[in-house]
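Visitor: model_17.txt is reproduced below (compact mmCIF, C-alpha atoms).
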# COMPACT_ATOMS: atom_id res chain seq x y z
CA MET A 1 -14.14 -15.56 -38.75
CA ASP A 2 -13.52 -14.62 -35.19
CA SER A 3 -10.82 -16.35 -33.23
CA PRO A 4 -11.82 -18.49 -30.30
CA GLU A 5 -12.34 -17.09 -26.86
CA GLN A 6 -9.05 -16.14 -25.29
CA SER A 7 -8.85 -18.49 -22.35
CA LEU A 8 -9.00 -21.59 -24.53
CA ILE A 9 -6.11 -24.02 -24.70
CA HIS A 10 -4.08 -23.48 -27.84
CA PRO A 11 -1.42 -25.84 -29.23
CA TRP A 12 0.89 -22.92 -30.06
CA LYS A 13 1.09 -22.13 -26.36
CA ASP A 14 2.51 -25.60 -25.76
CA GLU A 15 5.04 -24.91 -28.48
CA ILE A 16 6.15 -21.75 -26.66
CA PHE A 17 6.65 -23.65 -23.43
CA GLN A 18 8.59 -26.39 -25.22
CA ILE A 19 10.92 -23.80 -26.78
CA PHE A 20 11.62 -22.43 -23.29
CA LYS A 21 12.17 -25.90 -21.87
CA THR A 22 14.44 -27.24 -24.57
CA GLY A 23 16.24 -23.89 -24.69
CA GLY A 24 17.20 -24.14 -21.03
CA VAL A 25 15.14 -21.27 -19.67
CA SER A 26 15.41 -21.23 -15.87
CA GLN A 27 13.37 -18.16 -14.96
CA VAL A 28 10.12 -16.80 -16.37
CA ALA A 29 9.10 -13.39 -15.04
CA TYR A 30 5.58 -12.28 -15.81
CA VAL A 31 2.69 -9.98 -15.27
CA PRO A 32 -0.24 -12.26 -15.98
CA ASP A 33 -2.35 -12.19 -19.09
CA ALA A 34 -5.02 -14.62 -20.19
CA GLY A 35 -3.06 -15.20 -23.38
CA HIS A 36 -0.01 -16.30 -21.35
CA ALA A 37 -1.96 -18.26 -18.74
CA GLN A 38 -1.31 -21.68 -20.23
CA VAL A 39 2.47 -21.10 -20.36
CA ILE A 40 2.49 -19.57 -16.88
CA ASN A 41 0.76 -22.67 -15.49
CA GLN A 42 3.27 -24.92 -17.21
CA VAL A 43 6.18 -22.89 -15.82
CA TRP A 44 4.82 -23.21 -12.28
CA ALA A 45 4.53 -26.97 -12.77
CA GLU A 46 8.07 -27.35 -14.16
CA LYS A 47 10.63 -28.17 -11.49
CA ASP A 48 13.56 -26.78 -13.49
CA MET A 49 11.97 -23.35 -13.93
CA HIS A 50 11.25 -20.52 -11.55
CA ALA A 51 8.02 -18.62 -12.11
CA ILE A 52 8.52 -15.02 -11.01
CA PRO A 53 5.38 -12.92 -10.74
CA VAL A 54 6.38 -9.25 -10.76
CA THR A 55 4.23 -6.33 -9.67
CA THR A 56 5.14 -4.22 -12.69
CA GLU A 57 6.75 -5.21 -15.97
CA GLU A 58 9.85 -3.08 -15.47
CA GLU A 59 10.81 -5.28 -12.53
CA GLY A 60 10.79 -8.17 -14.95
CA VAL A 61 13.18 -6.36 -17.29
CA ALA A 62 15.62 -5.95 -14.40
CA SER A 63 15.16 -9.47 -13.04
CA VAL A 64 15.76 -11.23 -16.36
CA CYS A 65 18.97 -9.22 -16.78
CA GLY A 66 19.98 -10.25 -13.26
CA ALA A 67 19.37 -13.87 -14.19
CA TRP A 68 21.73 -13.60 -17.15
CA LEU A 69 24.30 -11.88 -14.94
CA GLY A 70 24.14 -15.02 -12.79
CA GLY A 71 24.39 -17.40 -15.73
CA GLN A 72 20.76 -18.30 -16.36
CA ARG A 73 18.39 -17.74 -19.25
CA ALA A 74 15.20 -15.89 -18.38
CA VAL A 75 12.19 -14.69 -20.35
CA LEU A 76 9.62 -11.97 -19.61
CA LEU A 77 5.92 -12.43 -20.41
CA MET A 78 3.63 -9.43 -20.46
CA GLN A 79 0.70 -7.75 -22.13
CA SER A 80 1.07 -4.79 -24.50
CA SER A 81 -0.10 -2.34 -21.83
CA GLY A 82 2.96 -3.27 -19.75
CA VAL A 83 5.47 -2.32 -22.41
CA GLY A 84 5.05 1.35 -21.65
CA ASN A 85 5.98 0.66 -18.04
CA CYS A 86 9.36 -0.67 -19.13
CA VAL A 87 10.81 2.08 -21.27
CA ASN A 88 13.47 3.51 -18.95
CA MET A 89 14.34 0.05 -17.60
CA PHE A 90 15.20 -1.03 -21.15
CA SER A 91 18.32 1.14 -20.63
CA ILE A 92 19.95 -1.81 -18.84
CA ILE A 93 19.62 -3.96 -21.93
CA ASN A 94 20.94 -1.27 -24.21
CA ASN A 95 23.87 -0.19 -22.03
CA CYS A 96 25.01 -3.65 -21.00
CA ARG A 97 23.96 -5.51 -24.14
CA PHE A 98 22.08 -8.14 -22.21
CA PRO A 99 20.40 -10.84 -24.28
CA PHE A 100 16.69 -10.22 -23.83
CA LEU A 101 13.53 -12.01 -24.86
CA THR A 102 10.00 -10.92 -24.08
CA LEU A 103 6.69 -12.30 -25.37
CA VAL A 104 3.91 -9.76 -25.52
CA THR A 105 0.25 -10.58 -25.90
CA MET A 106 -1.38 -7.76 -27.82
CA ARG A 107 -4.46 -5.82 -26.83
CA GLY A 108 -6.12 -2.90 -28.50
CA GLU A 109 -5.76 -4.11 -32.08
CA TRP A 110 -8.48 -6.72 -32.81
CA ALA A 111 -12.14 -6.46 -31.89
CA GLU A 112 -11.12 -4.59 -28.75
CA PHE A 113 -14.02 -3.94 -26.43
CA ASN A 114 -12.01 -1.89 -23.95
CA GLN A 115 -10.61 1.15 -25.73
CA TRP A 116 -8.36 1.94 -22.75
CA GLN A 117 -6.14 -0.82 -24.13
CA THR A 118 -5.85 0.81 -27.54
CA PRO A 119 -3.37 3.69 -27.05
CA MET A 120 -0.62 1.50 -25.62
CA GLY A 121 -1.45 -1.35 -27.97
CA ARG A 122 -0.95 0.99 -30.90
CA ALA A 123 2.34 2.26 -29.46
CA THR A 124 3.79 -1.09 -28.38
CA GLU A 125 5.95 -1.80 -31.41
CA ASP A 126 7.33 1.74 -31.51
CA ALA A 127 8.05 1.71 -27.76
CA PHE A 128 10.34 -1.26 -28.27
CA LYS A 129 11.93 0.21 -31.36
CA ILE A 130 12.76 3.57 -29.83
CA MET A 131 14.69 1.67 -27.15
CA GLY A 132 16.59 -0.44 -29.64
CA ILE A 133 14.72 -3.71 -29.21
CA ASN A 134 14.11 -5.87 -32.26
CA VAL A 135 10.42 -6.65 -32.85
CA LEU A 136 8.99 -9.84 -34.37
CA ARG A 137 5.30 -10.59 -34.71
CA ALA A 138 3.30 -13.81 -34.91
CA ASP A 139 -0.16 -13.50 -36.50
CA GLN A 140 -1.01 -17.09 -37.38
CA PRO A 141 -1.20 -20.05 -35.02
CA GLU A 142 0.93 -22.27 -37.23
CA LYS A 143 3.72 -19.66 -37.34
CA VAL A 144 4.03 -18.97 -33.62
CA GLY A 145 6.55 -21.71 -32.89
CA GLU A 146 8.78 -20.67 -35.77
CA VAL A 147 8.75 -16.99 -34.81
CA VAL A 148 9.35 -17.65 -31.12
CA SER A 149 12.15 -20.05 -31.92
CA ALA A 150 13.81 -17.50 -34.21
CA GLY A 151 13.56 -14.80 -31.55
CA PHE A 152 14.81 -17.17 -28.88
CA ASP A 153 17.95 -18.04 -30.83
CA ALA A 154 18.59 -14.41 -31.78
CA ALA A 155 18.49 -13.54 -28.06
CA PHE A 156 20.30 -16.41 -26.42
CA GLU A 157 22.62 -17.51 -29.21
CA GLY A 158 23.17 -14.11 -30.80
CA GLY A 159 22.84 -11.82 -27.79
CA ASP A 160 20.13 -9.65 -29.33
CA ALA A 161 17.21 -7.97 -27.55
CA VAL A 162 13.97 -9.31 -29.01
CA ALA A 163 10.29 -8.68 -28.40
CA ILE A 164 7.78 -11.06 -29.94
CA LEU A 165 4.29 -9.67 -30.34
CA LEU A 166 1.52 -12.27 -30.24
CA SER A 167 -1.37 -10.77 -32.19
CA GLN A 168 -4.69 -10.31 -30.46
CA SER A 169 -6.31 -12.23 -33.31
CA LEU A 170 -4.40 -15.33 -32.14
CA ILE A 171 -5.72 -15.02 -28.66
CA GLY A 172 -9.29 -14.21 -29.56
CA ARG A 173 -12.05 -12.08 -28.22
CA LYS A 174 -12.31 -11.50 -24.52
CA LYS A 175 -15.74 -12.53 -23.25
CA TRP A 176 -17.19 -9.65 -21.29
CA GLY A 177 -20.43 -11.34 -20.31
CA VAL A 178 -22.41 -8.16 -20.89
CA LYS A 179 -26.07 -8.90 -20.46
CA MET B 1 17.14 27.89 1.77
CA SER B 2 18.69 24.60 2.71
CA THR B 3 16.51 21.66 3.60
CA THR B 4 19.45 19.50 4.62
CA SER B 5 20.18 18.83 8.20
CA SER B 6 22.30 15.87 9.16
CA ALA B 7 21.10 16.22 12.73
CA SER B 8 17.49 15.61 11.69
CA TYR B 9 18.19 12.29 10.04
CA GLY B 10 20.67 9.45 10.68
CA GLU B 11 24.13 9.64 12.16
CA ILE B 12 25.91 6.84 10.30
CA ASP B 13 28.73 7.74 7.91
CA ARG B 14 27.75 5.98 4.66
CA ARG B 15 31.27 5.50 3.32
CA ILE B 16 32.61 3.93 6.50
CA PHE B 17 29.50 1.77 6.91
CA VAL B 18 29.63 0.42 3.35
CA LYS B 19 33.37 -0.27 3.54
CA GLN B 20 33.07 -2.16 6.82
CA LEU B 21 30.04 -4.13 5.64
CA ILE B 22 31.66 -5.27 2.38
CA ASP B 23 34.83 -6.20 4.25
CA VAL B 24 32.84 -8.80 6.21
CA CYS B 25 30.72 -9.95 3.22
CA SER B 26 33.60 -10.84 0.93
CA ASP B 27 31.71 -13.58 -0.94
CA ALA B 28 28.74 -11.38 -1.76
CA LEU B 29 27.59 -10.61 -5.28
CA ILE B 30 26.76 -6.90 -5.04
CA VAL B 31 24.29 -4.87 -7.09
CA THR B 32 24.30 -1.13 -6.43
CA GLY B 33 21.56 1.42 -6.91
CA LEU B 34 22.40 4.42 -9.03
CA GLY B 35 23.94 7.55 -7.54
CA SER B 36 25.67 7.73 -4.19
CA PRO B 37 25.41 4.02 -3.30
CA SER B 38 27.34 3.15 -6.47
CA TYR B 39 29.99 5.67 -5.43
CA ASP B 40 30.11 4.30 -1.87
CA VAL B 41 30.59 0.71 -3.04
CA PHE B 42 33.27 1.71 -5.54
CA ALA B 43 35.03 3.82 -2.90
CA ALA B 44 35.15 0.74 -0.67
CA GLY B 45 37.29 -0.97 -3.30
CA ASP B 46 36.39 -2.11 -6.81
CA ARG B 47 35.48 -5.81 -7.12
CA ASP B 48 34.74 -7.99 -10.12
CA ARG B 49 31.59 -9.16 -8.34
CA ASN B 50 30.13 -5.66 -8.15
CA PHE B 51 27.46 -4.64 -10.63
CA TYR B 52 27.12 -0.87 -10.60
CA LEU B 53 23.91 0.63 -11.91
CA TRP B 54 24.21 4.15 -13.27
CA GLY B 55 20.56 4.30 -14.32
CA ALA B 56 17.52 2.00 -14.37
CA MET B 57 16.25 3.65 -11.22
CA GLY B 58 14.09 1.30 -9.19
CA GLY B 59 15.67 -1.79 -10.73
CA ALA B 60 18.45 -2.74 -8.32
CA ALA B 61 16.46 -5.08 -6.05
CA ALA B 62 14.65 -6.69 -8.99
CA MET B 63 17.91 -7.28 -10.80
CA ALA B 64 19.32 -8.82 -7.63
CA LEU B 65 16.28 -11.11 -7.44
CA GLY B 66 17.07 -12.67 -10.82
CA LEU B 67 20.72 -12.94 -9.83
CA ALA B 68 19.95 -14.52 -6.45
CA ILE B 69 17.73 -17.18 -8.03
CA ALA B 70 20.44 -17.91 -10.59
CA GLN B 71 23.14 -18.16 -7.90
CA PRO B 72 21.42 -19.77 -4.92
CA ASN B 73 24.68 -20.75 -3.22
CA LYS B 74 26.09 -17.23 -3.12
CA PRO B 75 24.95 -14.32 -0.99
CA VAL B 76 23.54 -11.47 -3.03
CA LEU B 77 23.65 -7.99 -1.57
CA VAL B 78 21.88 -4.89 -2.88
CA ILE B 79 23.31 -1.59 -1.71
CA THR B 80 21.00 1.21 -2.71
CA GLY B 81 19.46 4.45 -1.56
CA ASP B 82 16.06 5.41 -0.23
CA GLY B 83 15.05 7.16 -3.45
CA GLU B 84 16.02 4.20 -5.63
CA GLN B 85 14.23 1.70 -3.41
CA LEU B 86 11.13 3.88 -3.21
CA MET B 87 10.91 3.74 -7.00
CA GLY B 88 11.00 -0.06 -6.83
CA LEU B 89 8.81 -0.76 -3.81
CA GLY B 90 6.90 -3.38 -5.77
CA SER B 91 10.08 -5.41 -6.14
CA LEU B 92 9.95 -6.04 -2.38
CA ALA B 93 6.63 -7.82 -2.92
CA SER B 94 8.15 -9.83 -5.77
CA ILE B 95 11.10 -10.80 -3.56
CA GLY B 96 8.79 -11.73 -0.69
CA ALA B 97 6.81 -13.97 -3.04
CA GLN B 98 9.91 -15.96 -4.02
CA LYS B 99 10.87 -17.01 -0.47
CA ILE B 100 14.53 -16.97 -1.41
CA LYS B 101 17.33 -17.38 1.12
CA ASN B 102 20.26 -15.46 -0.28
CA LEU B 103 19.20 -11.86 -0.81
CA THR B 104 19.83 -8.86 1.42
CA ILE B 105 18.90 -5.29 0.61
CA VAL B 106 20.76 -2.51 2.37
CA VAL B 107 19.06 0.84 1.94
CA LEU B 108 21.32 3.78 2.74
CA ASP B 109 18.59 6.12 3.85
CA ASN B 110 19.34 9.81 4.25
CA GLY B 111 15.73 10.78 3.62
CA HIS B 112 16.82 12.79 0.62
CA TYR B 113 17.72 12.63 -3.05
CA ALA B 114 21.41 13.46 -2.69
CA GLU B 115 22.22 13.34 -6.39
CA THR B 116 19.73 16.01 -7.37
CA GLY B 117 20.15 18.62 -4.68
CA MET B 118 18.98 17.03 -1.42
CA GLN B 119 15.24 17.23 -1.95
CA LYS B 120 13.40 15.29 0.74
CA SER B 121 12.29 11.75 -0.14
CA HIS B 122 9.24 9.88 1.11
CA THR B 123 11.18 8.35 3.98
CA SER B 124 11.49 11.89 5.33
CA PHE B 125 7.73 12.21 4.95
CA GLY B 126 6.95 9.04 6.86
CA THR B 127 7.40 5.94 4.70
CA ASP B 128 8.80 3.16 6.87
CA LEU B 129 10.84 0.83 4.66
CA VAL B 130 11.17 -1.76 7.44
CA GLY B 131 7.40 -1.91 7.71
CA VAL B 132 7.06 -2.17 3.95
CA ALA B 133 9.62 -4.97 3.75
CA LEU B 134 7.99 -7.00 6.52
CA SER B 135 4.54 -6.46 5.01
CA CYS B 136 5.89 -7.81 1.72
CA GLY B 137 6.91 -11.05 3.39
CA LEU B 138 10.66 -10.61 3.72
CA ASP B 139 12.10 -12.77 6.50
CA TRP B 140 13.69 -9.95 8.42
CA ALA B 141 14.04 -6.18 8.38
CA LEU B 142 16.03 -3.92 10.66
CA LYS B 143 16.26 -0.24 11.40
CA VAL B 144 19.97 0.46 11.72
CA LYS B 145 21.19 3.48 13.66
CA GLU B 146 24.50 2.15 14.99
CA MET B 147 27.61 0.82 13.28
CA THR B 148 27.49 -2.21 15.58
CA ALA B 149 24.62 -3.59 13.47
CA ILE B 150 27.09 -4.39 10.68
CA SER B 151 27.87 -7.76 12.23
CA THR B 152 24.16 -8.63 12.48
CA ILE B 153 23.60 -7.73 8.82
CA ALA B 154 26.71 -9.61 7.72
CA ASN B 155 25.56 -12.69 9.63
CA HIS B 156 22.30 -12.65 7.70
CA VAL B 157 24.09 -12.08 4.39
CA ASN B 158 26.64 -14.84 4.91
CA ALA B 159 24.21 -17.34 6.44
CA LYS B 160 21.92 -17.16 3.39
CA ASN B 161 19.00 -17.93 5.64
CA GLY B 162 16.41 -15.55 4.26
CA ALA B 163 15.57 -12.42 2.35
CA GLY B 164 15.92 -9.23 4.36
CA LEU B 165 16.25 -5.49 4.35
CA ALA B 166 18.40 -3.22 6.50
CA ASN B 167 17.22 0.37 6.59
CA VAL B 168 20.40 2.24 7.48
CA PHE B 169 19.92 5.77 8.71
CA ILE B 170 22.84 7.76 7.37
CA LYS B 171 23.80 11.41 7.57
CA ALA B 172 22.22 13.55 4.89
CA GLU B 173 25.60 14.65 3.59
CA ASP B 174 27.08 14.70 0.13
CA TYR B 175 30.47 13.03 -0.23
CA PRO B 176 33.07 13.47 -2.95
CA LYS B 177 32.03 11.31 -5.91
CA ALA B 178 34.00 8.10 -6.47
CA LEU B 179 33.09 7.04 -9.97
CA PRO B 180 32.88 3.35 -10.90
CA PRO B 181 33.09 2.24 -14.54
CA ARG B 182 30.09 3.38 -16.60
CA ASP B 183 30.64 0.89 -19.40
CA GLY B 184 27.80 -1.55 -18.83
CA VAL B 185 29.12 -4.18 -21.22
CA TYR B 186 32.43 -4.19 -19.36
CA ILE B 187 30.93 -4.56 -15.90
CA LYS B 188 28.51 -7.24 -17.12
CA ASN B 189 31.25 -9.31 -18.74
CA ARG B 190 33.63 -8.80 -15.83
CA PHE B 191 30.97 -9.90 -13.33
CA ARG B 192 30.00 -12.96 -15.37
CA SER B 193 33.63 -13.86 -15.93
CA ALA B 194 34.18 -13.85 -12.16
CA LEU B 195 31.42 -16.47 -11.95
CA GLY B 196 32.95 -18.55 -14.72
CA TYR B 197 30.73 -17.47 -17.62
CA GLU B 198 32.16 -16.42 -20.95
CA PRO B 199 30.98 -13.61 -23.20
CA PHE B 200 29.38 -14.43 -26.53
Would it be possible to restate this file's structure as structure tokens?
Guide:
Amino acid sequence: MDSPEQSLIHPWKDEIFQIFKTGGVSQVAYVPDAGHAQVINQVWAEKDMHAIPVTTEEEGVASVCGAWLGGQRAVLLMQSSGVGNCVNMFSIINNCRFPFLTLVTMRGEWAEFNQWQTPMGRATEDAFKIMGINVLRADQPEKVGEVVSAGFDAAFEGGDAVAILLSQSLIGRKKWGVK
Amino acid sequence: MSTTSSASYGEIDRRIFVKQLIDVCSDALIVTGLGSPSYDVFAAGDRDRNFYLWGAMGGAAAMALGLAIAQPNKPVLVITGDGEQLMGLGSLASIGAQKIKNLTIVVLDNGHYAETGMQKSHTSFGTDLVGVALSCGLDWALKVKEMTAISTIANHVNAKNGAGLANVFIKAEDYPKALPPRDGVYIKNRFRSALGYEPF
């Protein structure tokens, strides 16, 4: 069965926000994606968090490292297409061993209408791995909270660099409205 | 054939400028762009509150944005070059969007990529970084051609009354390298320790 349309409210998105909130995240950098929209809206509404829209994902890599340098926890939200933009900037994480957590909504892997999303979607996991970033994946709605929580603790308690891929099947088909 | 000509660009001596600026911004948390600006800042005197980038080109201002939000009561100063800032032009838009009060970007602009053999950069070909910064919503931006502007820049830095950019026109000259530590873990932990944060 197909997943619901991607802009719908999903309970697992609330779980992600709650993990950020109880984990003391102060900054959330993002390039928007429909799959992250619910969390982004919650971050903007939360007085103890700064929402930081960045023009390209690599800025977000640098800004979340800067946040940690200044004593705050920060998370980066992006879509799989943005991961390729980050590759050289991941050098900061590797060289300085910054704790790092990014949540990536996947495109190009599930009923994808726009094949321009597919090459980077297919390469997303490897792009993280070649730069030394640990990759976790959540495929099922009921597992998202557990996976995000595990990645969160590995990053901010253990100091690891972690990317969590949120499968396109979780987010659902994009409605193109083709007549 | 040489494309360098100090007469055709700025007249400010980068080493003297950076030293004098840091001397009057003693509280600043400093992030440096890779290459010559890192050498200039180190040559001015190593400080625990300096974070030297040796790579991550285009990331200095964005890194400083995260730092400035995390440390709103301290002035944050980026010292970078024209080439590095050109690679991160979008970060000026991200900074403008945040409306923060404690971030200053000093671009040491010689119109050239000094580290790689003095090829001309886009500022030599007409990009106006002051115009870009103002268009991105920064509170102030200055073209700096005289050393006397140091006090104006320092007043902005220390007052923490906006986000701004100083485009400093320096001589297109290569100086002897002064090499800061390249161990990123060390400079990260040293910087955080100076702010009272412990390593894992």
Visitor: For Pro119 of chain A, which residue out of A:Glu15, A:His50, A:Gly132, A:Val83 is the nearest one, using all atoms listed in the file?
Guide: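 Among A:Glu15, A:His50, A:Gly132, A:Val83, it is A:Val83 that comes nearest to Pro119 of chain A.
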Visitor: State, in Å with one decimal place, the distance from atom CA of Leu69 of chain A to atom CA of Pro37 of chain B.
Guide: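 One can read the atom CA of Leu69 of chain A to atom CA of Pro37 of chain B distance as 19.7 Å.
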Visitor: Within 9 Å of segment 163-178 of chain B, counting all atoms listed in the file, which residues qualify if same-chain residues fewer than 4 places away don't, as an MDAnalysis selection string?
Guide: chainID B and resid 4:15 17 36 38:43 82 95:96 99:112 114:115 118 128:130 133:134 137:146 153 156:157
Visitor: Using only C-alpha atoms, which protein or nucleic acid residues come within 8 Å of segment 99-107 of chain A? Drop anything in the same chain fewer than 4 positions from it, and give the result as a PyMOL selection string.
Guide: chain A and resi 33+35-36+64-65+68+74-81+93+112+117-118+121+151-152+155-156+158-168+171
Visitor: For the selection you just gave me, I'd like the residues written to a file as a PDB file, in the coordinates of the input, keeping C-alpha atoms.
Guide:
ATOM      1  CA  ASP A  33      -2.350 -12.190 -19.090  1.00  0.00           C
ATOM      2  CA  GLY A  35      -3.060 -15.200 -23.380  1.00  0.00           C
ATOM      3  CA  HIS A  36      -0.010 -16.300 -21.350  1.00  0.00           C
ATOM      4  CA  VAL A  64      15.760 -11.230 -16.360  1.00  0.00           C
ATOM      5  CA  CYS A  65      18.970  -9.220 -16.780  1.00  0.00           C
ATOM      6  CA  TRP A  68      21.730 -13.600 -17.150  1.00  0.00           C
ATOM      7  CA  ALA A  74      15.200 -15.890 -18.380  1.00  0.00           C
ATOM      8  CA  VAL A  75      12.190 -14.690 -20.350  1.00  0.00           C
ATOM      9  CA  LEU A  76       9.620 -11.970 -19.610  1.00  0.00           C
ATOM     10  CA  LEU A  77       5.920 -12.430 -20.410  1.00  0.00           C
ATOM     11  CA  MET A  78       3.630  -9.430 -20.460  1.00  0.00           C
ATOM     12  CA  GLN A  79       0.700  -7.750 -22.130  1.00  0.00           C
ATOM     13  CA  SER A  80       1.070  -4.790 -24.500  1.00  0.00           C
ATOM     14  CA  SER A  81      -0.100  -2.340 -21.830  1.00  0.00           C
ATOM     15  CA  ILE A  93      19.620  -3.960 -21.930  1.00  0.00           C
ATOM     16  CA  GLU A 112     -11.120  -4.590 -28.750  1.00  0.00           C
ATOM     17  CA  GLN A 117      -6.140  -0.820 -24.130  1.00  0.00           C
ATOM     18  CA  THR A 118      -5.850   0.810 -27.540  1.00  0.00           C
ATOM     19  CA  GLY A 121      -1.450  -1.350 -27.970  1.00  0.00           C
ATOM     20  CA  GLY A 151      13.560 -14.800 -31.550  1.00  0.00           C
ATOM     21  CA  PHE A 152      14.810 -17.170 -28.880  1.00  0.00           C
ATOM     22  CA  ALA A 155      18.490 -13.540 -28.060  1.00  0.00           C
ATOM     23  CA  PHE A 156      20.300 -16.410 -26.420  1.00  0.00           C
ATOM     24  CA  GLY A 158      23.170 -14.110 -30.800  1.00  0.00           C
ATOM     25  CA  GLY A 159      22.840 -11.820 -27.790  1.00  0.00           C
ATOM     26  CA  ASP A 160      20.130  -9.650 -29.330  1.00  0.00           C
ATOM     27  CA  ALA A 161      17.210  -7.970 -27.550  1.00  0.00           C
ATOM     28  CA  VAL A 162      13.970  -9.310 -29.010  1.00  0.00           C
ATOM     29  CA  ALA A 163      10.290  -8.680 -28.400  1.00  0.00           C
ATOM     30  CA  ILE A 164       7.780 -11.060 -29.940  1.00  0.00           C
ATOM     31  CA  LEU A 165       4.290  -9.670 -30.340  1.00  0.00           C
ATOM     32  CA  LEU A 166       1.520 -12.270 -30.240  1.00  0.00           C
ATOM     33  CA  SER A 167      -1.370 -10.770 -32.190  1.00  0.00           C
ATOM     34  CA  GLN A 168      -4.690 -10.310 -30.460  1.00  0.00           C
ATOM     35  CA  ILE A 171      -5.720 -15.020 -28.660  1.00  0.00           C
TER      36      ILE A 171
END
Visitor: Please report as an mmCIF file with C-alpha atoms, in the coordinates of the input which residues of chain A come no farther than 10 Å from chain B, using all atoms listed in the file.
Guide:
data_model
loop_
_atom_site.group_PDB
_atom_site.id
_atom_site.type_symbol
_atom_site.label_atom_id
_atom_site.label_comp_id
_atom_site.auth_asym_id
_atom_site.auth_seq_id
_atom_site.Cartn_x
_atom_site.Cartn_y
_atom_site.Cartn_z
ATOM 1 C CA SER A 26 15.410 -21.230 -15.870
ATOM 2 C CA GLN A 27 13.370 -18.160 -14.960
ATOM 3 C CA VAL A 28 10.120 -16.800 -16.370
ATOM 4 C CA ALA A 29 9.100 -13.390 -15.040
ATOM 5 C CA HIS A 50 11.250 -20.520 -11.550
ATOM 6 C CA ALA A 51 8.020 -18.620 -12.110
ATOM 7 C CA ILE A 52 8.520 -15.020 -11.010
ATOM 8 C CA PRO A 53 5.380 -12.920 -10.740
ATOM 9 C CA VAL A 54 6.380 -9.250 -10.760
ATOM 10 C CA THR A 55 4.230 -6.330 -9.670
ATOM 11 C CA THR A 56 5.140 -4.220 -12.690
ATOM 12 C CA GLU A 58 9.850 -3.080 -15.470
ATOM 13 C CA GLU A 59 10.810 -5.280 -12.530
ATOM 14 C CA GLY A 60 10.790 -8.170 -14.950
ATOM 15 C CA VAL A 61 13.180 -6.360 -17.290
ATOM 16 C CA ALA A 62 15.620 -5.950 -14.400
ATOM 17 C CA SER A 63 15.160 -9.470 -13.040
ATOM 18 C CA VAL A 64 15.760 -11.230 -16.360
ATOM 19 C CA CYS A 65 18.970 -9.220 -16.780
ATOM 20 C CA GLY A 66 19.980 -10.250 -13.260
ATOM 21 C CA ALA A 67 19.370 -13.870 -14.190
ATOM 22 C CA TRP A 68 21.730 -13.600 -17.150
ATOM 23 C CA LEU A 69 24.300 -11.880 -14.940
ATOM 24 C CA GLY A 70 24.140 -15.020 -12.790
ATOM 25 C CA GLY A 71 24.390 -17.400 -15.730
ATOM 26 C CA GLN A 72 20.760 -18.300 -16.360
ATOM 27 C CA ARG A 73 18.390 -17.740 -19.250
ATOM 28 C CA ALA A 74 15.200 -15.890 -18.380
ATOM 29 C CA CYS A 86 9.360 -0.670 -19.130
ATOM 30 C CA VAL A 87 10.810 2.080 -21.270
ATOM 31 C CA ASN A 88 13.470 3.510 -18.950
ATOM 32 C CA MET A 89 14.340 0.050 -17.600
ATOM 33 C CA PHE A 90 15.200 -1.030 -21.150
ATOM 34 C CA SER A 91 18.320 1.140 -20.630
ATOM 35 C CA ILE A 92 19.950 -1.810 -18.840
ATOM 36 C CA ILE A 93 19.620 -3.960 -21.930
ATOM 37 C CA ASN A 94 20.940 -1.270 -24.210
ATOM 38 C CA ASN A 95 23.870 -0.190 -22.030
ATOM 39 C CA CYS A 96 25.010 -3.650 -21.000
ATOM 40 C CA ARG A 97 23.960 -5.510 -24.140
ATOM 41 C CA PHE A 98 22.080 -8.140 -22.210
ATOM 42 C CA PRO A 99 20.400 -10.840 -24.280
ATOM 43 C CA PHE A 156 20.300 -16.410 -26.420
ATOM 44 C CA GLU A 157 22.620 -17.510 -29.210
ATOM 45 C CA GLY A 158 23.170 -14.110 -30.800
ATOM 46 C CA GLY A 159 22.840 -11.820 -27.790
#
Visitor: For the atom pair atom CA of Tyr30 of chain A and atom CA of Ala45 of chain A, what is the interatomic distance in Å to one decimal place?
Guide: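 Interatomic distance, atom CA of Tyr30 of chain A to atom CA of Ala45 of chain A: 15.0 Å.
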Visitor: Quick one: distance from atom CA of Ala154 of chain A to atom CA of Pro32 of chain A in Å, one decimal?
Guide: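 Computing the Euclidean distance for atom CA of Ala154 of chain A and atom CA of Pro32 of chain A yields 24.7 Å.
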Visitor: Which protein, DNA or RNA residues have an atom at most 7 Å from (-13.4, -9.9, -28.1), counting all atoms listed in the file? List them as a list in words.
Guide: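 Residues found, by chain and rising number: Ala111, Glu112, Phe113, Gly172, Arg173, Lys174 and Lys175 of chain A.
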Visitor: Could you write those residues out with C-alpha atoms, as a compact mmCIF listing (two decimals), in the coordinates of the input?
Guide:
# COMPACT_ATOMS: atom_id res chain seq x y z
CA ALA A 111 -12.14 -6.46 -31.89
CA GLU A 112 -11.12 -4.59 -28.75
CA PHE A 113 -14.02 -3.94 -26.43
CA GLY A 172 -9.29 -14.21 -29.56
CA ARG A 173 -12.05 -12.08 -28.22
CA LYS A 174 -12.31 -11.50 -24.52
CA LYS A 175 -15.74 -12.53 -23.25
Visitor: Choose the residue, out of B:Leu34, B:Leu21, B:Val132, B:Leu77, that has the smallest atom-to-atom separation from Tyr113 of chain B; count all atoms listed in the file.
Guide: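 Going through B:Leu34, B:Leu21, B:Val132, B:Leu77 one by one, the smallest distance to Tyr113 of chain B is for B:Leu34.
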